>>> print(open('entry.tsv').read())   # TSV, C-alpha atoms and all ligand atoms
chain	number	residue	atom	x	y	z
A	1	MET	CA	34.96	-6.16	-83.33
A	2	LEU	CA	36.36	-4.88	-80.13
A	3	GLY	CA	39.41	-6.50	-78.72
A	4	LEU	CA	42.14	-6.03	-76.24
A	5	PRO	CA	45.38	-4.53	-77.41
A	6	ARG	CA	47.41	-7.05	-79.32
A	7	ARG	CA	50.81	-7.71	-77.91
A	8	THR	CA	53.39	-6.81	-80.50
A	9	TRP	CA	56.94	-5.69	-80.29
A	10	ARG	CA	56.46	-2.41	-81.91
A	11	TRP	CA	57.13	0.42	-79.61
A	12	SER	CA	55.15	3.43	-78.81
A	13	ILE	CA	57.62	6.06	-77.82
A	14	LEU	CA	57.38	9.54	-76.45
A	15	LEU	CA	60.42	11.17	-77.89
A	16	ALA	CA	62.15	14.15	-76.39
A	17	THR	CA	62.30	15.42	-79.94
A	18	ALA	CA	60.16	13.95	-82.67
A	19	VAL	CA	62.91	14.34	-85.25
A	20	THR	CA	64.95	11.58	-83.67
A	21	ALA	CA	62.27	9.01	-84.43
A	22	GLY	CA	63.83	7.92	-87.68
A	23	ALA	CA	67.31	8.07	-86.29
A	24	ILE	CA	66.74	5.41	-83.66
A	25	GLY	CA	64.51	3.31	-85.86
A	26	VAL	CA	61.36	3.06	-83.79
A	27	ALA	CA	57.77	3.20	-84.84
A	28	ALA	CA	56.20	6.59	-84.30
A	29	CYS	CA	54.32	6.63	-81.05
A	30	GLY	CA	51.01	5.05	-81.89
A	31	GLY	CA	48.12	3.96	-79.79
A	32	ASN	CA	45.64	1.20	-80.06
A	33	GLY	CA	43.79	2.63	-83.00
A	34	ASP	CA	41.49	-0.33	-83.37
A	35	LEU	CA	39.84	0.28	-80.03
A	36	ARG	CA	36.64	2.22	-80.36
A	37	PRO	CA	33.71	2.19	-77.99
A	38	ALA	CA	30.47	1.16	-79.59
A	39	GLN	CA	27.80	3.77	-79.06
A	40	ASP	CA	25.70	1.52	-76.87
A	41	THR	CA	28.54	0.73	-74.50
A	42	VAL	CA	29.55	4.26	-73.57
A	43	GLU	CA	28.88	4.52	-69.89
A	44	ASP	CA	28.31	7.24	-67.39
A	45	SER	CA	31.51	9.21	-66.82
A	46	SER	CA	30.30	10.36	-63.42
A	47	GLU	CA	31.31	6.95	-62.06
A	48	LYS	CA	34.89	6.76	-60.84
A	49	ILE	CA	36.99	4.04	-62.45
A	50	THR	CA	39.78	2.79	-60.21
A	51	ILE	CA	42.81	1.17	-61.80
A	52	GLY	CA	45.56	-0.52	-59.83
A	53	ILE	CA	49.09	0.61	-60.57
A	54	SER	CA	52.49	-0.65	-59.44
A	55	MET	CA	55.53	1.60	-59.56
A	56	TYR	CA	59.09	0.37	-59.51
A	57	LEU	CA	62.52	1.92	-59.37
A	58	LEU	CA	65.13	0.06	-61.40
A	59	VAL	CA	68.62	-0.16	-59.91
A	60	ASP	CA	71.64	-2.36	-60.52
A	61	ASP	CA	72.29	-2.83	-56.82
A	62	LEU	CA	70.30	-2.07	-53.68
A	63	GLU	CA	73.27	-1.24	-51.46
A	64	ASP	CA	75.58	0.49	-53.88
A	65	PRO	CA	73.71	1.47	-57.06
A	66	ASP	CA	75.65	2.77	-60.03
A	67	PRO	CA	74.21	6.29	-60.42
A	68	THR	CA	74.87	6.30	-64.16
A	69	LEU	CA	72.63	3.27	-64.69
A	70	SER	CA	70.24	3.16	-61.75
A	71	SER	CA	67.33	5.44	-61.14
A	72	ASN	CA	68.27	8.23	-58.76
A	73	ARG	CA	64.67	8.75	-57.76
A	74	THR	CA	63.21	7.74	-54.40
A	75	GLU	CA	60.04	5.80	-53.73
A	76	GLU	CA	58.62	8.98	-52.14
A	77	GLU	CA	59.13	10.76	-55.45
A	78	LEU	CA	57.13	8.08	-57.21
A	79	ILE	CA	54.27	8.73	-54.80
A	80	ALA	CA	54.42	12.42	-55.69
A	81	ILE	CA	54.40	11.56	-59.39
A	82	LEU	CA	51.35	9.38	-58.85
A	83	ALA	CA	49.53	12.25	-57.14
A	84	GLY	CA	50.21	14.40	-60.21
A	85	MET	CA	49.05	11.64	-62.53
A	86	ASN	CA	45.82	11.43	-60.59
A	87	GLU	CA	45.28	15.17	-61.02
A	88	ILE	CA	45.57	14.65	-64.77
A	89	TRP	CA	43.38	11.55	-64.90
A	90	GLY	CA	40.81	13.10	-62.63
A	91	GLN	CA	39.58	14.78	-65.83
A	92	ALA	CA	38.34	11.37	-66.94
A	93	ASN	CA	37.27	10.38	-63.43
A	94	VAL	CA	39.89	7.64	-63.60
A	95	HIS	CA	41.79	7.01	-60.38
A	96	LEU	CA	45.13	5.21	-60.23
A	97	GLU	CA	45.48	3.33	-56.97
A	98	LEU	CA	48.95	2.34	-55.84
A	99	GLU	CA	49.20	-1.41	-55.27
A	100	ASN	CA	52.96	-1.96	-55.20
A	101	LEU	CA	55.85	0.41	-54.70
A	102	ASP	CA	59.26	-1.19	-54.81
A	103	THR	CA	62.84	-1.03	-55.96
A	104	ILE	CA	63.95	-3.93	-58.10
A	105	VAL	CA	67.43	-5.03	-59.04
A	106	VAL	CA	68.20	-5.39	-62.73
A	107	ASP	CA	71.40	-6.65	-64.35
A	108	PRO	CA	73.61	-3.63	-65.13
A	109	ASP	CA	74.03	-4.86	-68.70
A	110	VAL	CA	70.27	-4.67	-69.14
A	111	LEU	CA	70.09	-1.18	-67.65
A	112	ALA	CA	72.94	-0.12	-69.94
A	113	GLN	CA	70.99	-1.36	-72.96
A	114	VAL	CA	67.85	0.42	-71.75
A	115	ALA	CA	69.93	3.58	-71.33
A	116	GLU	CA	70.75	3.32	-75.02
A	117	GLY	CA	67.07	3.04	-75.87
A	118	ASN	CA	66.76	-0.75	-76.10
A	119	ILE	CA	63.82	-1.29	-73.78
A	120	ARG	CA	63.29	-4.82	-75.06
A	121	ALA	CA	66.42	-5.70	-73.12
A	122	PHE	CA	64.32	-5.11	-70.04
A	123	PHE	CA	60.82	-6.16	-71.07
A	124	ASP	CA	61.96	-9.42	-72.68
A	125	ARG	CA	63.37	-10.51	-69.33
A	126	LEU	CA	60.43	-9.62	-67.15
A	127	GLY	CA	59.21	-12.74	-65.45
A	128	GLU	CA	62.22	-14.62	-66.74
A	129	SER	CA	65.75	-13.71	-65.79
A	130	ILE	CA	64.25	-10.71	-64.01
A	131	PRO	CA	62.10	-12.61	-61.52
A	132	PHE	CA	59.16	-10.39	-61.11
A	133	ALA	CA	55.44	-10.50	-60.49
A	134	ALA	CA	54.50	-7.72	-62.91
A	135	THR	CA	53.50	-10.12	-65.62
A	136	GLY	CA	51.82	-12.63	-63.35
A	137	PRO	CA	48.26	-13.07	-62.22
A	138	GLU	CA	48.76	-10.87	-59.18
A	139	SER	CA	50.00	-7.95	-61.24
A	140	SER	CA	48.42	-4.55	-61.29
A	141	LEU	CA	46.60	-3.43	-64.38
A	142	ILE	CA	49.36	-0.90	-65.03
A	143	SER	CA	53.04	-1.14	-64.12
A	144	GLY	CA	55.41	1.80	-64.29
A	145	PHE	CA	59.17	1.33	-64.33
A	146	TYR	CA	61.47	4.23	-63.53
A	147	THR	CA	65.00	4.04	-64.87
A	148	ARG	CA	67.96	6.38	-65.34
A	149	TRP	CA	67.93	6.83	-69.12
A	150	ILE	CA	65.96	5.52	-72.09
A	151	GLY	CA	67.98	6.62	-75.09
A	152	GLY	CA	66.55	10.00	-76.12
A	153	SER	CA	63.06	9.32	-74.79
A	154	ASN	CA	61.24	10.75	-71.80
A	155	GLY	CA	59.05	7.70	-71.57
A	156	VAL	CA	58.01	4.64	-73.55
A	157	THR	CA	55.05	2.31	-73.68
A	158	PRO	CA	55.40	-0.83	-75.79
A	159	LEU	CA	52.39	-0.89	-78.09
A	160	GLY	CA	49.63	-3.02	-76.65
A	161	SER	CA	51.40	-3.25	-73.30
A	162	ARG	CA	50.18	-2.36	-69.82
A	163	SER	CA	53.67	-1.34	-68.73
A	164	TYR	CA	55.49	1.90	-69.29
A	165	MET	CA	58.98	3.13	-68.57
A	166	VAL	CA	60.06	6.67	-67.63
A	167	MET	CA	63.55	8.14	-67.33
A	168	ASP	CA	64.89	10.19	-64.42
A	169	GLU	CA	65.15	13.64	-65.98
A	170	PRO	CA	62.51	14.06	-68.67
A	171	SER	CA	62.27	17.33	-70.61
A	172	VAL	CA	58.74	17.90	-69.26
A	173	PHE	CA	57.02	17.38	-65.89
A	174	ASP	CA	57.51	13.92	-64.42
A	175	HIS	CA	53.82	13.40	-63.76
A	176	ARG	CA	52.99	14.57	-67.25
A	177	VAL	CA	55.30	11.99	-68.83
A	178	SER	CA	53.83	9.19	-66.70
A	179	GLY	CA	50.28	10.43	-67.27
A	180	HIS	CA	50.91	10.54	-71.02
A	181	GLU	CA	52.16	6.95	-71.03
A	182	VAL	CA	49.06	5.85	-69.13
A	183	GLY	CA	47.09	7.51	-71.94
A	184	HIS	CA	48.77	5.17	-74.43
A	185	ILE	CA	47.97	2.16	-72.25
A	186	LEU	CA	44.34	3.33	-72.23
A	187	GLY	CA	44.24	3.42	-76.02
A	188	LEU	CA	45.17	6.99	-76.93
A	189	ARG	CA	47.29	8.01	-79.87
A	190	HIS	CA	49.33	11.15	-80.27
A	191	THR	CA	47.79	14.38	-81.41
A	192	LEU	CA	49.81	17.04	-83.19
A	193	ASN	CA	47.10	19.68	-83.21
A	194	ASP	CA	47.18	21.21	-79.77
A	195	ARG	CA	50.21	21.48	-77.51
A	196	GLY	CA	47.90	21.79	-74.51
A	197	ARG	CA	46.80	18.19	-74.81
A	198	LEU	CA	48.18	15.27	-72.85
A	199	LEU	CA	48.79	13.28	-76.01
A	200	TYR	CA	50.83	15.96	-77.75
A	201	PRO	CA	54.38	14.59	-77.63
A	202	GLY	CA	56.99	16.39	-75.58
A	203	THR	CA	55.03	19.24	-74.02
A	204	ASN	CA	53.53	19.88	-70.60
A	205	GLY	CA	50.00	19.78	-72.02
A	206	MET	CA	47.61	17.81	-69.84
A	207	ASP	CA	44.19	18.25	-71.42
A	208	LEU	CA	42.00	15.35	-72.47
A	209	THR	CA	39.23	15.89	-74.99
A	210	PRO	CA	35.71	14.52	-74.37
A	211	GLU	CA	36.39	11.89	-77.05
A	212	GLU	CA	39.63	10.86	-75.35
A	213	ILE	CA	37.84	10.63	-72.02
A	214	THR	CA	35.16	8.41	-73.51
A	215	LEU	CA	37.71	6.15	-75.18
A	216	THR	CA	40.04	5.83	-72.20
A	217	ARG	CA	37.19	5.06	-69.83
A	218	TYR	CA	35.94	2.42	-72.22
A	219	VAL	CA	39.37	0.83	-72.61
A	220	ALA	CA	39.92	0.97	-68.84
A	221	MET	CA	36.66	-0.92	-68.27
A	222	GLN	CA	37.60	-3.53	-70.88
A	223	LEU	CA	41.03	-4.03	-69.34
A	224	LEU	CA	39.51	-4.35	-65.88
A	225	LYS	CA	37.02	-6.94	-67.15
A	226	ALA	CA	39.81	-8.90	-68.83
A	227	GLN	CA	41.87	-8.85	-65.65
A	228	ARG	CA	39.16	-10.51	-63.57
A	301	ZN	ZN	53.53	9.09	-76.57
>>> encode(input="entry.tsv", output="structure tokens")
Amino acid sequence: MLGLPRRTWRWSILLATAVTAGAIGVAACGGNGDLRPAQDTVEDSSEKITIGISMYLLVDDLEDPDPTLSSNRTEEELIAILAGMNEIWGQANVHLELENLDTIVVDPDVLAQVAEGNIRAFFDRLGESIPFAATGPESSLISGFYTRWIGGSNGVTPLGSRSYMVMDEPSVFDHRVSGHEVGHILGLRHTLNDRGRLLYPGTNGMDLTPEEITLTRYVAMQLLKAQR
């Protein structure tokens, strides 16, 4: 039976170094392993799939942000990252279309917890004490949040979530980190076989295999159907 990703609070984490996984007590970066396209539903990959994405900078204050907690990126930099992500996802003929680009204010205590690797501190408050449309009916299929630090991680995607978070100075290319997290949202798990692949943790690999392309296109179509 095919289903949408279940929402659980286990975390899928791209670690700067895999050896820290045990140290910070998170689940190894997994994907949605139960998602598999049935043979008769695999569609024509020559058709472009367009997915809406919203990108947000997280800061503690709009006028006078604390540079140790707030993202130091600019909205223009997010646009450049998106262009790089689209180069990567062009392999699957998946296009990410920017729907919202904004800077949102988050309680400094929350950003401090995120900086220590506690991303629940942020995601648990989305739509609640962080008033925000990302979880509402008008939200994009994918939301990316850009923050200063996330513990020792370059980026994180809560398992089964359509949101990811990326830190300011990842150990690999910015667009690669974001593109990798989108891979998790579209159902991909890590590979440890080939450093050239997008789903190898902590490298600049950007390749998708034909199987990964088939799966991600399938998951993208299912998510788009569910969103309607
Ligand atoms: Zn990962």
>>> residues_around(input="entry.tsv", residues="stretch 139-147 of chain A", least_positions_apart="2", cutoff="10 Å", atoms="only C-alpha atoms", output="mmCIF file with C-alpha atoms, in the coordinates of the input")
data_model
loop_
_atom_site.group_PDB
_atom_site.id
_atom_site.type_symbol
_atom_site.label_atom_id
_atom_site.label_comp_id
_atom_site.auth_asym_id
_atom_site.auth_seq_id
_atom_site.Cartn_x
_atom_site.Cartn_y
_atom_site.Cartn_z
ATOM 1 C CA ILE A 51 42.810 1.170 -61.800
ATOM 2 C CA GLY A 52 45.560 -0.520 -59.830
ATOM 3 C CA ILE A 53 49.090 0.610 -60.570
ATOM 4 C CA SER A 54 52.490 -0.650 -59.440
ATOM 5 C CA MET A 55 55.530 1.600 -59.560
ATOM 6 C CA TYR A 56 59.090 0.370 -59.510
ATOM 7 C CA LEU A 57 62.520 1.920 -59.370
ATOM 8 C CA LEU A 58 65.130 0.060 -61.400
ATOM 9 C CA VAL A 59 68.620 -0.160 -59.910
ATOM 10 C CA LEU A 69 72.630 3.270 -64.690
ATOM 11 C CA SER A 70 70.240 3.160 -61.750
ATOM 12 C CA SER A 71 67.330 5.440 -61.140
ATOM 13 C CA ASN A 72 68.270 8.230 -58.760
ATOM 14 C CA ARG A 73 64.670 8.750 -57.760
ATOM 15 C CA THR A 74 63.210 7.740 -54.400
ATOM 16 C CA LEU A 78 57.130 8.080 -57.210
ATOM 17 C CA LEU A 96 45.130 5.210 -60.230
ATOM 18 C CA GLU A 97 45.480 3.330 -56.970
ATOM 19 C CA LEU A 98 48.950 2.340 -55.840
ATOM 20 C CA GLU A 99 49.200 -1.410 -55.270
ATOM 21 C CA ASN A 100 52.960 -1.960 -55.200
ATOM 22 C CA LEU A 101 55.850 0.410 -54.700
ATOM 23 C CA ASP A 102 59.260 -1.190 -54.810
ATOM 24 C CA THR A 103 62.840 -1.030 -55.960
ATOM 25 C CA ILE A 104 63.950 -3.930 -58.100
ATOM 26 C CA LEU A 111 70.090 -1.180 -67.650
ATOM 27 C CA VAL A 114 67.850 0.420 -71.750
ATOM 28 C CA ALA A 115 69.930 3.580 -71.330
ATOM 29 C CA PHE A 132 59.160 -10.390 -61.110
ATOM 30 C CA ALA A 133 55.440 -10.500 -60.490
ATOM 31 C CA ALA A 134 54.500 -7.720 -62.910
ATOM 32 C CA THR A 135 53.500 -10.120 -65.620
ATOM 33 C CA GLY A 136 51.820 -12.630 -63.350
ATOM 34 C CA PRO A 137 48.260 -13.070 -62.220
ATOM 35 C CA TRP A 149 67.930 6.830 -69.120
ATOM 36 C CA ILE A 150 65.960 5.520 -72.090
ATOM 37 C CA GLY A 155 59.050 7.700 -71.570
ATOM 38 C CA VAL A 156 58.010 4.640 -73.550
ATOM 39 C CA THR A 157 55.050 2.310 -73.680
ATOM 40 C CA SER A 161 51.400 -3.250 -73.300
ATOM 41 C CA ARG A 162 50.180 -2.360 -69.820
ATOM 42 C CA SER A 163 53.670 -1.340 -68.730
ATOM 43 C CA TYR A 164 55.490 1.900 -69.290
ATOM 44 C CA MET A 165 58.980 3.130 -68.570
ATOM 45 C CA VAL A 166 60.060 6.670 -67.630
ATOM 46 C CA MET A 167 63.550 8.140 -67.330
ATOM 47 C CA ASP A 168 64.890 10.190 -64.420
ATOM 48 C CA GLU A 169 65.150 13.640 -65.980
ATOM 49 C CA SER A 178 53.830 9.190 -66.700
ATOM 50 C CA GLU A 181 52.160 6.950 -71.030
ATOM 51 C CA VAL A 182 49.060 5.850 -69.130
ATOM 52 C CA ILE A 185 47.970 2.160 -72.250
ATOM 53 C CA LEU A 186 44.340 3.330 -72.230
ATOM 54 C CA ALA A 220 39.920 0.970 -68.840
ATOM 55 C CA LEU A 223 41.030 -4.030 -69.340
ATOM 56 C CA LEU A 224 39.510 -4.350 -65.880
ATOM 57 C CA ALA A 226 39.810 -8.900 -68.830
ATOM 58 C CA GLN A 227 41.870 -8.850 -65.650
#
>>> closest_residue(input="entry.tsv", among="A:Val94, A:Val172, A:Leu82, A:Leu215", to="A:Thr50", atoms="all atoms listed in the file")
A:Val94
>>> residues_near_point(input="entry.tsv", point="(39.7, 11.8, -57.4)", cutoff="10 Å", atoms="all atoms listed in the file", output="VMD selection string")
chain A and resid 48 to 50 83 86 to 96
>>> closest_residue(input="entry.tsv", among="A:Val177, A:Ala80, A:Met221, A:Ile213", to="ligand ZN 301 (chain A)", atoms="only C-alpha atoms and all ligand atoms")
A:Val177
>>> closest_residue(input="entry.tsv", among="A:Val219, A:Ile119, A:Met206, A:Leu198", to="ligand ZN 301 (chain A)", atoms="only C-alpha atoms and all ligand atoms")
A:Leu198
>>> atom_distance(input="entry.tsv", atom1="atom CA of A:Arg120", atom2="atom CA of A:Thr68")
19.4 Å
>>> closest_residue(input="entry.tsv", among="A:Ala121, A:Gly84, A:Pro158, A:His175", to="ligand ZN 301 (chain A)", atoms="all atoms listed in the file")
A:Pro158
>>> closest_residue(input="entry.tsv", among="A:Glu76, A:Ser45, A:Pro65, A:Ser171", to="A:Glu211", atoms="all atoms listed in the file")
A:Ser45
>>> closest_residue(input="entry.tsv", among="A:Lys225, A:Arg195, A:Arg189, A:Arg148", to="ligand ZN 301 (chain A)", atoms="only C-alpha atoms and all ligand atoms")
A:Arg189
>>> atom_distance(input="entry.tsv", atom1="atom CA of A:Gly117", atom2="atom CA of A:Ile81")
22.5 Å
>>> residues_around(input="entry.tsv", residues="A:Gly196", least_positions_apart="5", cutoff="9 Å", atoms="only C-alpha atoms", output="number ranges by chain")
A: 203-208
>>> atom_distance(input="entry.tsv", atom1="atom CA of A:Leu188", atom2="atom CA of A:Gly151")
22.9 Å
>>> residues_around(input="entry.tsv", residues="A:Asp61", least_positions_apart="3", cutoff="8 Å", atoms="all atoms listed in the file", output="mmCIF file with C-alpha atoms, in the coordinates of the input")
data_model
loop_
_atom_site.group_PDB
_atom_site.id
_atom_site.type_symbol
_atom_site.label_atom_id
_atom_site.label_comp_id
_atom_site.auth_asym_id
_atom_site.auth_seq_id
_atom_site.Cartn_x
_atom_site.Cartn_y
_atom_site.Cartn_z
ATOM 1 C CA ASP A 64 75.580 0.490 -53.880
ATOM 2 C CA PRO A 65 73.710 1.470 -57.060
ATOM 3 C CA ASP A 66 75.650 2.770 -60.030
ATOM 4 C CA VAL A 105 67.430 -5.030 -59.040
ATOM 5 C CA VAL A 106 68.200 -5.390 -62.730
#
>>> axis_aligned_box(input="entry.tsv", around="stretch 145-151 of chain A", padding_each_side="8 Å", output="lines of an AutoDock Vina configuration file")
center_x = 63.6
center_y = 4.1
center_z = -69.3
size_x = 24.8
size_y = 21.5
size_z = 27.6
>>> build_atoms(input="entry.tsv", residues="stretch 143-169 of chain A", atoms="N, CA, C and O atoms", output="mmCIF file, in the coordinates of the input")
data_model
loop_
_atom_site.group_PDB
_atom_site.id
_atom_site.type_symbol
_atom_site.label_atom_id
_atom_site.label_comp_id
_atom_site.auth_asym_id
_atom_site.auth_seq_id
_atom_site.Cartn_x
_atom_site.Cartn_y
_atom_site.Cartn_z
ATOM 1 N N SER A 143 51.763 -1.167 -64.823
ATOM 2 C CA SER A 143 53.040 -1.140 -64.120
ATOM 3 C C SER A 143 53.917 -0.057 -64.714
ATOM 4 O O SER A 143 54.042 0.037 -65.935
ATOM 5 N N GLY A 144 54.509 0.748 -63.842
ATOM 6 C CA GLY A 144 55.410 1.800 -64.290
ATOM 7 C C GLY A 144 56.811 1.527 -63.782
ATOM 8 O O GLY A 144 57.002 1.228 -62.596
ATOM 9 N N PHE A 145 57.773 1.593 -64.684
ATOM 10 C CA PHE A 145 59.170 1.330 -64.330
ATOM 11 C C PHE A 145 59.976 2.607 -64.531
ATOM 12 O O PHE A 145 59.928 3.222 -65.599
ATOM 13 N N TYR A 146 60.713 2.974 -63.513
ATOM 14 C CA TYR A 146 61.470 4.230 -63.530
ATOM 15 C C TYR A 146 62.953 3.924 -63.563
ATOM 16 O O TYR A 146 63.486 3.279 -62.654
ATOM 17 N N THR A 147 63.599 4.368 -64.636
ATOM 18 C CA THR A 147 65.000 4.040 -64.870
ATOM 19 C C THR A 147 65.799 5.315 -65.132
ATOM 20 O O THR A 147 65.230 6.398 -65.257
ATOM 21 N N ARG A 148 67.107 5.196 -65.214
ATOM 22 C CA ARG A 148 67.960 6.380 -65.340
ATOM 23 C C ARG A 148 67.806 7.064 -66.689
ATOM 24 O O ARG A 148 67.559 8.253 -66.771
ATOM 25 N N TRP A 149 67.991 6.303 -67.755
ATOM 26 C CA TRP A 149 67.930 6.830 -69.120
ATOM 27 C C TRP A 149 67.188 5.851 -70.007
ATOM 28 O O TRP A 149 67.250 4.641 -69.786
ATOM 29 N N ILE A 150 66.555 6.392 -71.060
ATOM 30 C CA ILE A 150 65.960 5.520 -72.090
ATOM 31 C C ILE A 150 66.319 6.108 -73.454
ATOM 32 O O ILE A 150 65.481 6.686 -74.146
ATOM 33 N N GLY A 151 67.587 6.002 -73.826
ATOM 34 C CA GLY A 151 67.980 6.620 -75.090
ATOM 35 C C GLY A 151 67.612 8.095 -75.054
ATOM 36 O O GLY A 151 67.883 8.785 -74.086
ATOM 37 N N GLY A 152 66.949 8.589 -76.097
ATOM 38 C CA GLY A 152 66.550 10.000 -76.120
ATOM 39 C C GLY A 152 65.120 10.234 -75.692
ATOM 40 O O GLY A 152 64.585 11.310 -75.912
ATOM 41 N N SER A 153 64.490 9.229 -75.087
ATOM 42 C CA SER A 153 63.060 9.320 -74.790
ATOM 43 C C SER A 153 62.806 9.728 -73.344
ATOM 44 O O SER A 153 63.539 9.344 -72.442
ATOM 45 N N ASN A 154 61.723 10.473 -73.157
ATOM 46 C CA ASN A 154 61.240 10.750 -71.800
ATOM 47 C C ASN A 154 60.576 9.517 -71.206
ATOM 48 O O ASN A 154 60.729 9.213 -70.021
ATOM 49 N N GLY A 155 59.801 8.863 -72.034
ATOM 50 C CA GLY A 155 59.050 7.700 -71.570
ATOM 51 C C GLY A 155 58.692 6.826 -72.751
ATOM 52 O O GLY A 155 58.693 7.287 -73.894
ATOM 53 N N VAL A 156 58.393 5.571 -72.482
ATOM 54 C CA VAL A 156 58.010 4.640 -73.550
ATOM 55 C C VAL A 156 56.911 3.717 -73.040
ATOM 56 O O VAL A 156 56.871 3.366 -71.864
ATOM 57 N N THR A 157 56.048 3.336 -73.959
ATOM 58 C CA THR A 157 55.050 2.310 -73.680
ATOM 59 C C THR A 157 55.045 1.363 -74.869
ATOM 60 O O THR A 157 54.689 1.772 -75.969
ATOM 61 N N PRO A 158 55.482 0.117 -74.678
ATOM 62 C CA PRO A 158 55.400 -0.830 -75.790
ATOM 63 C C PRO A 158 53.943 -0.929 -76.266
ATOM 64 O O PRO A 158 53.035 -1.012 -75.435
ATOM 65 N N LEU A 159 53.747 -0.892 -77.549
ATOM 66 C CA LEU A 159 52.390 -0.890 -78.090
ATOM 67 C C LEU A 159 51.627 -2.134 -77.634
ATOM 68 O O LEU A 159 52.114 -3.242 -77.735
ATOM 69 N N GLY A 160 50.446 -1.908 -77.108
ATOM 70 C CA GLY A 160 49.630 -3.020 -76.650
ATOM 71 C C GLY A 160 49.997 -3.512 -75.265
ATOM 72 O O GLY A 160 49.456 -4.505 -74.795
ATOM 73 N N SER A 161 50.929 -2.819 -74.616
ATOM 74 C CA SER A 161 51.400 -3.250 -73.300
ATOM 75 C C SER A 161 50.663 -2.506 -72.192
ATOM 76 O O SER A 161 50.099 -1.442 -72.398
ATOM 77 N N ARG A 162 50.719 -3.054 -70.996
ATOM 78 C CA ARG A 162 50.180 -2.360 -69.820
ATOM 79 C C ARG A 162 51.310 -1.861 -68.920
ATOM 80 O O ARG A 162 51.095 -1.559 -67.769
ATOM 81 N N SER A 163 52.514 -1.834 -69.476
ATOM 82 C CA SER A 163 53.670 -1.340 -68.730
ATOM 83 C C SER A 163 54.273 -0.140 -69.462
ATOM 84 O O SER A 163 54.255 -0.083 -70.682
ATOM 85 N N TYR A 164 54.766 0.782 -68.683
ATOM 86 C CA TYR A 164 55.490 1.900 -69.290
ATOM 87 C C TYR A 164 56.805 2.083 -68.544
ATOM 88 O O TYR A 164 57.015 1.528 -67.461
ATOM 89 N N MET A 165 57.688 2.848 -69.172
ATOM 90 C CA MET A 165 58.980 3.130 -68.570
ATOM 91 C C MET A 165 59.241 4.635 -68.696
ATOM 92 O O MET A 165 58.923 5.231 -69.727
ATOM 93 N N VAL A 166 59.783 5.232 -67.644
ATOM 94 C CA VAL A 166 60.060 6.670 -67.630
ATOM 95 C C VAL A 166 61.475 6.893 -67.127
ATOM 96 O O VAL A 166 61.929 6.215 -66.204
ATOM 97 N N MET A 167 62.175 7.859 -67.738
ATOM 98 C CA MET A 167 63.550 8.140 -67.330
ATOM 99 C C MET A 167 63.586 9.187 -66.208
ATOM 100 O O MET A 167 62.587 9.822 -65.903
ATOM 101 N N ASP A 168 64.771 9.351 -65.621
ATOM 102 C CA ASP A 168 64.890 10.190 -64.420
ATOM 103 C C ASP A 168 64.684 11.691 -64.662
ATOM 104 O O ASP A 168 64.152 12.382 -63.808
ATOM 105 N N GLU A 169 65.164 12.183 -65.784
ATOM 106 C CA GLU A 169 65.150 13.640 -65.980
ATOM 107 C C GLU A 169 64.501 14.001 -67.301
ATOM 108 O O GLU A 169 65.155 14.491 -68.227
#
